[in-house]
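The file input_32.tsv contains TSV, C-alpha atoms and all ligand atoms:
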```
chain	number	residue	atom	x	y	z
C	1	MET	CA	256.78	103.98	96.39
C	2	ILE	CA	259.82	106.23	96.59
C	3	LYS	CA	261.15	106.23	100.15
C	4	ILE	CA	263.89	108.82	99.73
C	5	PRO	CA	263.43	111.23	96.82
C	6	PHE	CA	266.44	112.87	95.16
C	7	LEU	CA	265.33	116.42	95.96
C	8	ARG	CA	262.51	117.89	97.97
C	9	PRO	CA	262.55	121.63	97.33
C	10	ASN	CA	261.55	123.55	100.43
C	11	LEU	CA	260.65	127.10	99.53
C	12	VAL	CA	259.56	129.70	102.07
C	13	LYS	CA	256.18	129.18	103.72
C	14	GLN	CA	253.20	131.22	102.59
C	15	GLU	CA	252.77	133.12	105.90
C	16	THR	CA	256.16	134.79	105.49
C	17	LEU	CA	255.05	136.18	102.13
C	18	ILE	CA	251.89	137.92	103.30
C	19	PRO	CA	253.47	141.26	104.34
C	20	TYR	CA	255.25	141.45	100.99
C	21	LEU	CA	252.07	140.60	99.07
C	22	SER	CA	250.27	143.41	100.90
C	23	GLU	CA	253.03	145.78	99.83
C	24	ILE	CA	252.57	144.72	96.23
C	25	GLU	CA	248.84	145.31	96.51
C	26	SER	CA	249.33	148.83	97.79
C	27	SER	CA	252.17	149.83	95.47
C	28	ARG	CA	250.43	148.30	92.42
C	29	ILE	CA	253.88	147.74	91.01
C	30	TYR	CA	254.28	144.20	89.74
C	31	SER	CA	257.56	144.23	87.83
C	32	ASN	CA	260.12	146.53	86.10
C	33	PHE	CA	262.66	146.63	88.95
C	34	GLY	CA	259.99	147.53	91.51
C	35	PRO	CA	260.50	148.37	95.19
C	36	LEU	CA	260.77	144.76	96.42
C	37	ASN	CA	263.29	143.91	93.71
C	38	THR	CA	265.31	147.00	94.66
C	39	ARG	CA	265.22	146.05	98.33
C	40	PHE	CA	266.35	142.51	97.52
C	41	GLU	CA	269.28	143.73	95.40
C	42	GLN	CA	270.29	146.21	98.10
C	43	ARG	CA	270.22	143.56	100.80
C	44	VAL	CA	272.30	141.20	98.66
C	45	MET	CA	274.89	143.92	98.03
C	46	ASN	CA	274.99	144.74	101.72
C	47	GLU	CA	274.81	141.28	103.29
C	48	TYR	CA	276.73	139.26	100.69
C	49	PHE	CA	279.03	141.55	98.69
C	50	ASP	CA	280.01	144.29	101.19
C	51	GLU	CA	278.80	146.98	98.74
C	52	LEU	CA	281.66	146.14	96.39
C	53	GLY	CA	280.33	146.23	92.79
C	54	ALA	CA	276.71	145.71	91.74
C	55	VAL	CA	274.04	143.06	91.10
C	56	THR	CA	270.98	142.72	88.94
C	57	THR	CA	268.27	140.08	89.24
C	58	VAL	CA	267.31	137.99	86.21
C	59	ASN	CA	264.39	135.66	85.55
C	60	ASN	CA	266.68	132.60	85.42
C	61	ALA	CA	270.39	131.83	85.21
C	62	THR	CA	270.21	130.68	81.59
C	63	ILE	CA	268.97	134.14	80.54
C	64	GLY	CA	271.57	135.52	82.95
C	65	LEU	CA	274.35	133.69	81.08
C	66	VAL	CA	272.97	134.90	77.71
C	67	LEU	CA	272.83	138.51	78.95
C	68	ALA	CA	276.25	138.40	80.62
C	69	LEU	CA	277.87	136.82	77.59
C	70	SER	CA	276.22	139.10	75.03
C	71	GLN	CA	277.32	142.19	76.97
C	72	SER	CA	280.87	140.89	77.58
C	73	LYS	CA	281.93	138.93	74.48
C	74	ARG	CA	284.66	140.16	72.18
C	75	PRO	CA	282.89	141.26	68.98
C	76	LYS	CA	285.18	139.39	66.58
C	77	GLY	CA	285.44	136.21	68.61
C	78	LYS	CA	283.81	132.94	67.66
C	79	TYR	CA	284.37	130.45	70.51
C	80	VAL	CA	283.31	130.35	74.12
C	81	LEU	CA	285.64	128.08	76.09
C	82	MET	CA	283.86	126.12	78.80
C	83	PRO	CA	283.95	122.72	80.48
C	84	SER	CA	281.91	119.91	79.00
C	85	PHE	CA	281.21	118.77	82.56
C	86	THR	CA	278.44	121.33	83.14
C	87	PHE	CA	274.71	121.77	82.62
C	88	ALA	CA	273.36	122.21	79.07
C	89	ALA	CA	272.47	125.85	79.84
C	90	THR	CA	276.16	126.86	79.57
C	91	PRO	CA	276.70	125.84	75.91
C	92	LEU	CA	273.13	126.88	75.03
C	93	ALA	CA	273.86	130.42	76.22
C	94	ALA	CA	276.87	130.56	73.87
C	95	ILE	CA	274.80	129.42	70.90
C	96	TRP	CA	272.02	131.95	71.66
C	97	CYS	CA	274.75	134.63	71.52
C	98	GLY	CA	275.70	133.50	68.01
C	99	LEU	CA	278.89	131.82	69.29
C	100	GLU	CA	280.20	128.28	69.41
C	101	PRO	CA	280.94	126.32	72.56
C	102	PHE	CA	284.50	124.94	72.70
C	103	PHE	CA	284.67	122.25	75.36
C	104	VAL	CA	287.73	121.93	77.60
C	105	ASP	CA	288.58	119.00	79.87
C	106	THR	CA	288.09	119.00	83.63
C	107	CYS	CA	290.44	118.34	86.57
C	108	SER	CA	290.07	114.98	88.25
C	109	ASP	CA	290.17	116.40	91.79
C	110	ASP	CA	287.97	119.52	91.92
C	111	TRP	CA	285.87	118.69	88.81
C	112	CYS	CA	286.34	122.25	87.48
C	113	MET	CA	287.77	123.23	84.09
C	114	ASP	CA	291.47	122.30	83.73
C	115	GLU	CA	293.35	125.62	83.82
C	116	LYS	CA	296.46	124.28	82.08
C	117	ILE	CA	294.49	122.87	79.16
C	118	LEU	CA	292.43	126.05	79.02
C	119	SER	CA	295.62	128.17	78.81
C	120	GLU	CA	296.94	126.03	75.97
C	121	SER	CA	293.62	126.34	74.12
C	122	LEU	CA	293.59	130.12	74.57
C	123	GLN	CA	297.08	130.23	73.04
C	124	ILE	CA	296.06	128.16	70.05
C	125	LEU	CA	292.73	129.89	69.40
C	126	GLY	CA	294.00	133.48	69.94
C	127	ASP	CA	291.60	136.11	68.57
C	128	GLN	CA	288.95	133.52	67.82
C	129	VAL	CA	288.11	133.39	71.54
C	130	ALA	CA	285.00	135.46	72.33
C	131	ALA	CA	284.84	134.62	76.06
C	132	VAL	CA	285.52	131.98	78.70
C	133	ILE	CA	282.85	130.47	80.97
C	134	PRO	CA	284.25	128.44	83.88
C	135	TYR	CA	281.73	126.60	86.02
C	136	ALA	CA	282.09	126.60	89.83
C	137	THR	CA	281.19	122.93	89.93
C	138	PHE	CA	278.38	122.07	92.36
C	139	GLY	CA	278.87	125.34	94.22
C	140	THR	CA	282.55	125.01	95.12
C	141	ASN	CA	284.53	128.18	95.92
C	142	MET	CA	286.72	127.71	92.89
C	143	ASN	CA	289.74	130.02	93.04
C	144	LEU	CA	289.06	132.88	90.60
C	145	ASN	CA	292.57	134.43	90.55
C	146	PHE	CA	293.47	132.68	87.32
C	147	TYR	CA	290.21	133.83	85.68
C	148	GLN	CA	290.67	137.36	86.91
C	149	GLN	CA	294.04	137.44	85.14
C	150	ILE	CA	292.44	136.15	81.93
C	151	HIS	CA	289.68	138.75	82.20
C	152	GLU	CA	292.15	141.55	82.82
C	153	SER	CA	294.24	140.41	79.83
C	154	GLY	CA	291.23	141.25	77.64
C	155	ILE	CA	289.44	137.90	77.33
C	156	PRO	CA	286.04	138.35	79.00
C	157	VAL	CA	285.12	135.82	81.68
C	158	VAL	CA	281.58	134.95	82.75
C	159	VAL	CA	281.43	132.53	85.69
C	160	ASP	CA	278.62	130.00	85.72
C	161	ALA	CA	278.01	130.07	89.47
C	162	ALA	CA	274.55	128.54	89.23
C	163	ALA	CA	274.85	126.55	92.47
C	164	SER	CA	277.10	129.00	94.34
C	165	PHE	CA	274.78	131.57	95.90
C	166	GLY	CA	275.62	131.41	99.62
C	167	ALA	CA	279.08	129.87	99.06
C	168	THR	CA	281.76	131.58	101.14
C	169	GLU	CA	285.43	131.25	101.92
C	170	ASN	CA	286.92	133.07	104.95
C	171	GLN	CA	283.63	134.98	105.26
C	172	ASN	CA	283.88	136.27	101.69
C	173	HIS	CA	281.06	135.46	99.33
C	174	PHE	CA	281.99	133.58	96.17
C	175	GLY	CA	282.71	135.99	93.32
C	176	LYS	CA	283.06	139.12	95.47
C	177	GLY	CA	285.38	141.56	93.72
C	178	PHE	CA	285.45	139.64	90.44
C	179	PRO	CA	285.64	142.08	87.50
C	180	GLY	CA	283.73	139.85	85.02
C	181	CYS	CA	280.19	138.53	85.49
C	182	VAL	CA	279.20	135.89	88.04
C	183	VAL	CA	275.82	134.28	87.34
C	184	PHE	CA	273.77	132.59	90.10
C	185	SER	CA	270.57	130.52	89.74
C	186	PHE	CA	267.57	130.72	92.08
C	187	HIS	CA	265.76	127.78	90.48
C	188	ALA	CA	263.62	125.80	92.93
C	189	THR	CA	266.16	122.94	92.87
C	190	LYS	CA	269.07	125.20	93.83
C	191	SER	CA	269.85	125.96	97.48
C	192	PHE	CA	268.52	129.53	97.26
C	193	GLY	CA	265.34	128.45	95.50
C	194	VAL	CA	262.57	130.89	94.59
C	195	GLY	CA	260.97	128.96	91.71
C	196	GLU	CA	262.54	130.64	88.69
C	197	GLY	CA	265.09	133.41	89.11
C	198	GLY	CA	268.74	134.34	89.23
C	199	LEU	CA	271.28	137.06	89.86
C	200	ILE	CA	274.27	138.54	88.07
C	201	TYR	CA	277.10	140.06	90.12
C	202	SER	CA	280.14	141.99	88.97
C	203	ALA	CA	282.66	144.26	90.66
C	204	ASN	CA	282.26	146.31	87.47
C	205	ARG	CA	279.18	148.50	88.01
C	206	GLU	CA	279.07	149.74	84.41
C	207	LEU	CA	278.89	146.17	83.15
C	208	ILE	CA	275.94	145.44	85.45
C	209	SER	CA	274.25	148.65	84.38
C	210	LYS	CA	274.57	147.61	80.71
C	211	ILE	CA	273.14	144.17	81.53
C	212	ARG	CA	270.27	145.80	83.39
C	213	GLN	CA	269.50	147.80	80.29
C	214	ALA	CA	269.76	144.68	78.11
C	215	GLU	CA	267.30	142.77	80.28
C	216	ASN	CA	264.78	145.59	79.84
C	217	PHE	CA	264.54	145.46	76.01
C	218	GLY	CA	267.84	147.34	75.64
C	219	PHE	CA	266.01	150.56	76.53
C	220	SER	CA	267.97	153.72	77.20
C	221	THR	CA	266.56	156.20	79.74
C	222	SER	CA	264.38	157.62	76.95
C	223	ARG	CA	262.92	154.15	76.28
C	224	GLU	CA	264.62	153.79	72.95
C	225	THR	CA	266.33	150.48	72.23
C	226	THR	CA	270.06	151.08	72.00
C	227	LEU	CA	271.39	147.56	72.51
C	228	LEU	CA	270.35	143.98	71.83
C	229	GLY	CA	267.88	143.41	74.63
C	230	LEU	CA	265.29	140.98	75.81
C	231	ASN	CA	263.00	140.73	78.82
C	232	GLY	CA	264.97	139.18	81.66
C	233	LYS	CA	263.29	140.85	84.66
C	234	ILE	CA	261.76	139.15	87.67
C	235	SER	CA	258.29	140.05	88.96
C	236	GLU	CA	257.68	141.61	92.37
C	237	TYR	CA	256.20	138.26	93.45
C	238	THR	CA	259.53	136.58	92.80
C	239	ALA	CA	261.29	139.40	94.64
C	240	ALA	CA	258.95	138.79	97.60
C	241	ILE	CA	259.96	135.12	97.75
C	242	ALA	CA	263.62	136.10	97.39
C	243	LEU	CA	263.42	138.62	100.26
C	244	SER	CA	261.72	136.13	102.47
C	245	THR	CA	264.32	133.48	101.57
C	246	LEU	CA	267.15	135.80	102.63
C	247	ASP	CA	265.74	135.77	106.18
C	248	ILE	CA	266.19	132.02	106.58
C	249	PHE	CA	269.00	131.27	104.15
C	250	ASP	CA	271.64	130.79	106.84
C	251	GLN	CA	269.55	128.04	108.44
C	252	LYS	CA	269.04	126.38	105.07
C	253	ILE	CA	272.78	126.40	104.40
C	254	LYS	CA	273.52	124.93	107.85
C	255	ALA	CA	270.99	122.13	107.33
C	256	ARG	CA	272.58	121.27	103.99
C	257	GLN	CA	276.10	121.30	105.43
C	258	GLN	CA	274.99	119.04	108.28
C	259	ILE	CA	273.66	116.48	105.82
C	260	TYR	CA	276.88	116.65	103.82
C	261	THR	CA	278.84	115.98	107.01
C	262	TRP	CA	276.62	112.98	107.78
C	263	TYR	CA	277.40	111.64	104.31
C	264	LEU	CA	281.14	111.98	104.88
C	265	GLU	CA	280.81	110.16	108.22
C	266	GLN	CA	278.86	107.31	106.66
C	267	LEU	CA	281.25	107.03	103.71
C	268	ASP	CA	284.10	106.87	106.18
C	269	GLN	CA	282.38	104.30	108.42
C	270	LYS	CA	281.67	102.06	105.43
C	271	ASP	CA	285.28	102.51	104.24
C	272	LEU	CA	284.10	103.66	100.82
C	273	LEU	CA	286.66	106.46	100.43
C	274	ARG	CA	289.46	103.89	100.88
C	275	ASN	CA	287.88	101.60	98.33
C	276	GLY	CA	287.83	103.61	95.14
C	277	TRP	CA	284.94	106.00	95.84
C	278	THR	CA	285.87	109.68	95.58
C	279	VAL	CA	284.27	112.97	96.53
C	280	GLN	CA	284.96	116.35	95.00
C	281	LYS	CA	287.88	118.32	96.38
C	282	THR	CA	286.14	121.53	97.41
C	283	ALA	CA	287.03	124.83	99.02
C	284	GLY	CA	285.22	126.96	101.58
C	285	GLU	CA	281.67	126.66	102.87
C	286	ILE	CA	279.20	125.35	100.30
C	287	PRO	CA	275.37	125.46	100.30
C	288	TYR	CA	275.29	121.89	98.96
C	289	GLN	CA	272.63	121.31	96.30
C	290	PHE	CA	273.06	117.53	96.35
C	291	MET	CA	275.76	115.03	97.32
C	292	SER	CA	278.04	114.15	94.42
C	293	ILE	CA	280.30	111.13	94.52
C	294	CYS	CA	282.26	109.09	91.97
C	295	CYS	CA	281.96	105.31	92.19
C	296	PRO	CA	285.07	103.13	91.69
C	297	ASP	CA	286.43	102.83	88.15
C	298	SER	CA	285.32	99.20	88.03
C	299	GLN	CA	281.64	100.20	88.39
C	300	LYS	CA	279.22	102.28	86.36
C	301	ASN	CA	277.00	105.00	87.79
C	302	GLY	CA	273.94	103.59	86.00
C	303	ASP	CA	274.28	100.37	88.02
C	304	ILE	CA	274.47	102.30	91.29
C	305	ILE	CA	271.31	104.22	90.35
C	306	HIS	CA	269.53	100.89	89.68
C	307	THR	CA	270.68	99.41	92.97
C	308	LEU	CA	269.32	102.48	94.78
C	309	VAL	CA	266.03	102.46	92.86
C	310	SER	CA	265.48	98.83	93.86
C	311	GLN	CA	265.47	100.12	97.44
C	312	ASN	CA	263.15	103.02	96.60
C	313	ILE	CA	265.92	105.59	96.76
C	314	GLU	CA	266.11	108.14	93.98
C	315	ALA	CA	269.44	109.46	92.65
C	316	ARG	CA	270.74	111.18	89.50
C	317	THR	CA	273.92	111.37	87.45
C	318	TYR	CA	274.77	115.07	86.97
C	319	PHE	CA	276.40	115.64	84.46
C	320	SER	CA	276.19	112.43	82.57
C	321	PRO	CA	276.24	112.48	79.60
C	322	PRO	CA	278.62	115.45	79.58
C	323	CYS	CA	277.66	118.30	77.22
C	324	HIS	CA	279.87	117.26	74.29
C	325	GLN	CA	277.86	114.02	74.05
C	326	HIS	CA	274.43	115.69	73.83
C	327	PRO	CA	273.03	115.47	70.29
C	328	LEU	CA	272.91	119.26	69.82
C	329	PHE	CA	276.51	119.78	70.96
C	330	ILE	CA	278.22	116.80	69.34
C	331	GLY	CA	279.53	118.81	66.38
C	332	TYR	CA	281.28	121.50	68.40
C	333	PRO	CA	285.06	121.54	68.87
C	334	HIS	CA	286.74	120.32	72.04
C	335	THR	CA	290.07	119.38	73.56
C	336	PRO	CA	290.58	115.68	74.33
C	337	LEU	CA	288.18	115.01	77.23
C	338	PRO	CA	289.44	111.86	79.01
C	339	VAL	CA	288.85	113.16	82.55
C	340	THR	CA	285.36	114.46	81.74
C	341	GLU	CA	284.44	111.10	80.24
C	342	THR	CA	285.77	109.14	83.20
C	343	ILE	CA	284.01	111.33	85.78
C	344	SER	CA	280.77	111.22	83.80
C	345	LYS	CA	280.78	107.41	83.82
C	346	ARG	CA	281.30	107.37	87.58
C	347	ILE	CA	279.37	110.34	88.92
C	348	VAL	CA	276.38	109.72	91.16
C	349	SER	CA	274.31	112.58	92.61
C	350	LEU	CA	272.79	111.46	95.90
C	351	PRO	CA	269.71	112.90	97.67
C	352	LEU	CA	270.26	116.01	99.76
C	353	TRP	CA	267.33	118.07	100.99
C	354	GLU	CA	266.83	120.07	104.12
C	355	GLU	CA	264.62	117.74	106.16
C	356	MET	CA	266.79	114.66	105.57
C	357	THR	CA	267.81	112.84	108.75
C	358	ASN	CA	271.02	111.03	109.62
C	359	ARG	CA	269.00	107.80	109.29
C	360	ASP	CA	268.03	108.72	105.68
C	361	VAL	CA	271.70	109.32	104.92
C	362	CYS	CA	272.62	105.89	106.36
C	363	LEU	CA	269.96	104.25	104.22
C	364	VAL	CA	271.31	105.91	101.08
C	365	VAL	CA	274.93	104.94	101.76
C	366	GLU	CA	273.98	101.39	102.74
C	367	GLY	CA	271.78	101.29	99.66
C	368	MET	CA	274.70	102.07	97.33
C	369	VAL	CA	276.83	99.17	98.53
C	370	PRO	CA	274.50	96.42	99.70
C	371	SER	CA	276.47	93.72	101.50
Q	1	LIG	C1	270.85	125.21	87.21
Q	1	LIG	C2	272.00	125.53	86.29
Q	1	LIG	C3	271.87	126.48	85.26
Q	1	LIG	C4	270.56	127.07	84.86
Q	1	LIG	O1	269.90	127.80	85.82
Q	1	LIG	P1	268.39	128.22	85.56
Q	1	LIG	O2	268.16	129.28	86.60
Q	1	LIG	O3	267.55	127.02	85.76
Q	1	LIG	O4	268.28	128.76	84.18
Q	1	LIG	C5	273.00	126.81	84.52
Q	1	LIG	N1	274.19	126.21	84.75
Q	1	LIG	C6	274.35	125.29	85.70
Q	1	LIG	C7	275.68	124.67	85.91
Q	1	LIG	C8	273.25	124.89	86.50
Q	1	LIG	O5	273.42	123.94	87.43
```
Represent the structure contained in this file as structure tokens.
Amino acid sequence: MIKIPFLRPNLVKQETLIPYLSEIESSRIYSNFGPLNTRFEQRVMNEYFDELGAVTTVNNATIGLVLALSQSKRPKGKYVLMPSFTFAATPLAAIWCGLEPFFVDTCSDDWCMDEKILSESLQILGDQVAAVIPYATFGTNMNLNFYQQIHESGIPVVVDAAASFGATENQNHFGKGFPGCVVFSFHATKSFGVGEGGLIYSANRELISKIRQAENFGFSTSRETTLLGLNGKISEYTAAIALSTLDIFDQKIKARQQIYTWYLEQLDQKDLLRNGWTVQKTAGEIPYQFMSICCPDSQKNGDIIHTLVSQNIEARTYFSPPCHQHPLFIGYPHTPLPVTETISKRIVSLPLWEEMTNRDVCLVVEGMVPS
């Protein structure tokens, strides 16, 4: 019997949905950017992005990445530069757009793409670069100044911000003002979980308007297809869950940050951070999705997972193997990836869900390093 599961998604309770469901019944509008979807997007622009730019909902972040990339990529480019230390959806989106992933190594402290190595690769690849997709690893408020410069120099940037909805730094939401696309996931396992869903933000309203058209079969106002589209819309039922989630999201974020703090206290008490264990160097306030930690070089993450399982505690190893080691992606080009490979051998993703108690956290940390 599992005592402490890895995740325990906690979506909004059914009672909070009833008023929205009644609205759907009276409007008889079930999709196609209906009134609830519009209200959700307006609230997000108002409450999270200070009306700067625009957003459009999408039915998941993978489709969001495909749409953002296909509407941003340079037409003659071939490669999409991205970290290998990310989820498979990032390179898959590139391939669906007819492009090739080009994997770049990661920094050992913040676990985001290494900007220096990326710059060198951009130099070498020149016009062959179609776009760049950095990943804001595990929701961190990665500094986007460098990527804004790249975007403004003419190389389109799409940020994989799958775990970043709700991440802020000095009261500013992650991505606010960014001229390329920023793609968030609302999957049930993410902190703003609605089941399946996502959101694309950009400070560039025209870009969002093009993406909105693309996610509705590429239809122009006269319902003729004028660009390569697909169906990426969310239903009004999803919008209802999303609206209802907005009302309690602050509490959810606080609960997650509290658990993260408990982890840091326990790690400190057990002296782990002075004995080779490392946590990600992050910035700002993060709506933690889980607790990531690297075990000492002398150990392997698989062994830690087994030790935990023997005590009925579930954990994962995101992202191990890293993308360049997945069978489908093995043939694609990459820079040397020593840091990615080291982190992937050491990374452990520990349980973090909203009802976890301090006692649960103690059990997990004690469970990793049994005396
Ligand atoms: C979750 C995730 C995605 C995919 O999001 P979906 O909404 O499930 O499609 C993409 N990239 C990263 C880094 C993720 O963690």
Self-check item: Surrounding residues of Ala203 of chain C excluding itself and chain neighbours under 3 positions, 6 Å, all atoms listed in the file, as a PyMOL selection string
Solution: chain C and resi 53+177-179
Output file for the residues above (C-alpha atoms, as a CSV table (one decimal), keeping the file's coordinate frame):
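So part.csv came out as:
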```
chain,number,residue,atom,x,y,z
C,53,GLY,CA,280.3,146.2,92.8
C,177,GLY,CA,285.4,141.6,93.7
C,178,PHE,CA,285.4,139.6,90.4
C,179,PRO,CA,285.6,142.1,87.5
```
Quiz item: Got a sec to check which residues sit within 9 Å of (268.8, 126.5, 95.1), counting only C-alpha atoms, and write them as an MDAnalysis selection string?
Solution: chainID C and resid 9 162:165 185:195 287:289
Quiz item: Do you know which residues are within 10 Å of ligand LIG 1 (chain Q) using all atoms listed in the file? Can you write them as a count of residues only?
Solution: 47
Quiz prompt | Residue among C:Asn10, C:Gln299, C:Ser209, C:Ser108 lying closest to Val55 of chain C, counting all atoms listed in the file | solution =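 Ranking C:Asn10, C:Gln299, C:Ser209, C:Ser108 by distance to Val55 of chain C, first place goes to C:Ser209.
Distance annotation: of C:Arg212, C:Lys116, C:Lys270, C:His151, the residue with the minimal separation from Gly367 of chain C is C:Lys270; atom set is all atoms listed in the file.
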Write out as a PDB file with C-alpha atoms, in the coordinates of the input which residues come within 12 Å of segment 250-258 of chain C when counting all atoms listed in the file, dropping same-chain ones fewer than 4 positions away.
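So result_16.pdb came out as:
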```pdb
ATOM      1  CA  LEU C   7     265.330 116.420  95.960  1.00  0.00           C
ATOM      2  CA  PRO C   9     262.550 121.630  97.330  1.00  0.00           C
ATOM      3  CA  ASN C  10     261.550 123.550 100.430  1.00  0.00           C
ATOM      4  CA  LEU C  11     260.650 127.100  99.530  1.00  0.00           C
ATOM      5  CA  VAL C  12     259.560 129.700 102.070  1.00  0.00           C
ATOM      6  CA  GLU C  47     274.810 141.280 103.290  1.00  0.00           C
ATOM      7  CA  TYR C  48     276.730 139.260 100.690  1.00  0.00           C
ATOM      8  CA  GLY C 139     278.870 125.340  94.220  1.00  0.00           C
ATOM      9  CA  SER C 164     277.100 129.000  94.340  1.00  0.00           C
ATOM     10  CA  PHE C 165     274.780 131.570  95.900  1.00  0.00           C
ATOM     11  CA  GLY C 166     275.620 131.410  99.620  1.00  0.00           C
ATOM     12  CA  ALA C 167     279.080 129.870  99.060  1.00  0.00           C
ATOM     13  CA  THR C 168     281.760 131.580 101.140  1.00  0.00           C
ATOM     14  CA  LYS C 190     269.070 125.200  93.830  1.00  0.00           C
ATOM     15  CA  SER C 191     269.850 125.960  97.480  1.00  0.00           C
ATOM     16  CA  PHE C 192     268.520 129.530  97.260  1.00  0.00           C
ATOM     17  CA  GLY C 193     265.340 128.450  95.500  1.00  0.00           C
ATOM     18  CA  THR C 245     264.320 133.480 101.570  1.00  0.00           C
ATOM     19  CA  LEU C 246     267.150 135.800 102.630  1.00  0.00           C
ATOM     20  CA  TRP C 262     276.620 112.980 107.780  1.00  0.00           C
ATOM     21  CA  TYR C 263     277.400 111.640 104.310  1.00  0.00           C
ATOM     22  CA  LEU C 264     281.140 111.980 104.880  1.00  0.00           C
ATOM     23  CA  GLU C 265     280.810 110.160 108.220  1.00  0.00           C
ATOM     24  CA  GLY C 284     285.220 126.960 101.580  1.00  0.00           C
ATOM     25  CA  GLU C 285     281.670 126.660 102.870  1.00  0.00           C
ATOM     26  CA  ILE C 286     279.200 125.350 100.300  1.00  0.00           C
ATOM     27  CA  PRO C 287     275.370 125.460 100.300  1.00  0.00           C
ATOM     28  CA  TYR C 288     275.290 121.890  98.960  1.00  0.00           C
ATOM     29  CA  GLN C 289     272.630 121.310  96.300  1.00  0.00           C
ATOM     30  CA  PHE C 290     273.060 117.530  96.350  1.00  0.00           C
ATOM     31  CA  MET C 291     275.760 115.030  97.320  1.00  0.00           C
ATOM     32  CA  PRO C 351     269.710 112.900  97.670  1.00  0.00           C
ATOM     33  CA  LEU C 352     270.260 116.010  99.760  1.00  0.00           C
ATOM     34  CA  TRP C 353     267.330 118.070 100.990  1.00  0.00           C
ATOM     35  CA  GLU C 354     266.830 120.070 104.120  1.00  0.00           C
ATOM     36  CA  GLU C 355     264.620 117.740 106.160  1.00  0.00           C
ATOM     37  CA  MET C 356     266.790 114.660 105.570  1.00  0.00           C
ATOM     38  CA  THR C 357     267.810 112.840 108.750  1.00  0.00           C
ATOM     39  CA  ASN C 358     271.020 111.030 109.620  1.00  0.00           C
ATOM     40  CA  VAL C 361     271.700 109.320 104.920  1.00  0.00           C
TER      41      VAL C 361
END
```
Practice problem: Tell me, in Å to one decimal, how far atom CA of Lys3 of chain C is from atom CA of Asp268 of chain C. | Solution: 23.7 Å
Quiz prompt | atom CA of Asn275 of chain C to atom CA of Val365 of chain C, distance in Å rounded to a single decimal | solution =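 About the pair atom CA of Asn275 of chain C and atom CA of Val365 of chain C: they are 13.8 Å apart.
Using all atoms listed in the file, the shortest contact distance between Met45 of chain C and any of C:Ile330, C:Ile305, C:Ile200, C:Ile313 is found at C:Ile200.
From atom CA of Ala242 of chain C back to atom CA of Leu69 of chain C, the distance works out to 24.4 Å.
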Quiz prompt | Residue among C:Pro333, C:Gly180, C:Gly126, C:Pro296 lying closest to Trp277 of chain C, counting only C-alpha atoms | solution =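 Ranking C:Pro333, C:Gly180, C:Gly126, C:Pro296 by distance to Trp277 of chain C, first place goes to C:Pro296.
Across C:Ile150, C:Leu243, C:Leu272, C:Leu67, the tightest approach to Ile18 of chain C is made by C:Leu243 when counting only C-alpha atoms.
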Exercise. Point out the residue among C:Thr57, C:Thr278, C:Thr342, C:Thr307 with the least atom-to-atom distance to Pro370 of chain C, counting all atoms listed in the file.
Key: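 Comparing C:Thr57, C:Thr278, C:Thr342, C:Thr307 against Pro370 of chain C, the winner is C:Thr307.
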Practice problem: Quick one: everything within 12 Å of Leu118 of chain C, counting only C-alpha atoms, minus sequence neighbours fewer than 3 positions away in the same chain. Send it as a PyMOL selection string. | Solution: chain C and resi 80-83+102-107+112-115+121-126+129+131-134+146-147+150+334-337
Taking the point (277.1, 145.7, 91.7) as given in the file, collect each protein or nucleic acid residue that comes within 10 Å of it, counting only C-alpha atoms, and present the set as a compact mmCIF listing (two decimals) with C-alpha atoms, keeping the file's coordinate frame.
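Wrote part-v2.txt, looks like this:
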```
# COMPACT_ATOMS: atom_id res chain seq x y z
CA GLU C 41 269.28 143.73 95.40
CA GLN C 42 270.29 146.21 98.10
CA VAL C 44 272.30 141.20 98.66
CA MET C 45 274.89 143.92 98.03
CA PHE C 49 279.03 141.55 98.69
CA GLU C 51 278.80 146.98 98.74
CA LEU C 52 281.66 146.14 96.39
CA GLY C 53 280.33 146.23 92.79
CA ALA C 54 276.71 145.71 91.74
CA VAL C 55 274.04 143.06 91.10
CA THR C 56 270.98 142.72 88.94
CA LYS C 176 283.06 139.12 95.47
CA GLY C 177 285.38 141.56 93.72
CA CYS C 181 280.19 138.53 85.49
CA ILE C 200 274.27 138.54 88.07
CA TYR C 201 277.10 140.06 90.12
CA SER C 202 280.14 141.99 88.97
CA ALA C 203 282.66 144.26 90.66
CA ASN C 204 282.26 146.31 87.47
CA ARG C 205 279.18 148.50 88.01
CA GLU C 206 279.07 149.74 84.41
CA LEU C 207 278.89 146.17 83.15
CA ILE C 208 275.94 145.44 85.45
CA SER C 209 274.25 148.65 84.38
```
Self-check item: Polymer residues at most 12 Å from Gln213 of chain C, all atoms listed in the file, same-chain spacing of 4 or more positions, as a list in words
Solution: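 The filter keeps Asn32, Phe33, Thr56, Thr57, Val58, Leu67, Ala68, Gln71, Glu206, Leu207, Ile208, Ser209, Phe217, Gly218, Phe219, Ser220, Thr221, Ser222, Arg223, Glu224, Thr225, Thr226, Leu227, Leu228, Gly229, Leu230, Asn231, Gly232 and Lys233 of chain C.
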Practice problem: Do a neighbour search on Ser320 of chain C at 12 Å with only C-alpha atoms, toss out local chain neighbours closer than 4 positions, and write the hits as a count of residues only. | Solution: 23
Size and centre in Å, one decimal, axis-aligned box, all listed segment 141-156 of chain C atoms plus 6 Å per side, as lines of an AutoDock Vina configuration file:
```
center_x = 289.4
center_y = 134.6
center_z = 86.6
size_x = 21.7
size_y = 25.8
size_z = 30.6
```
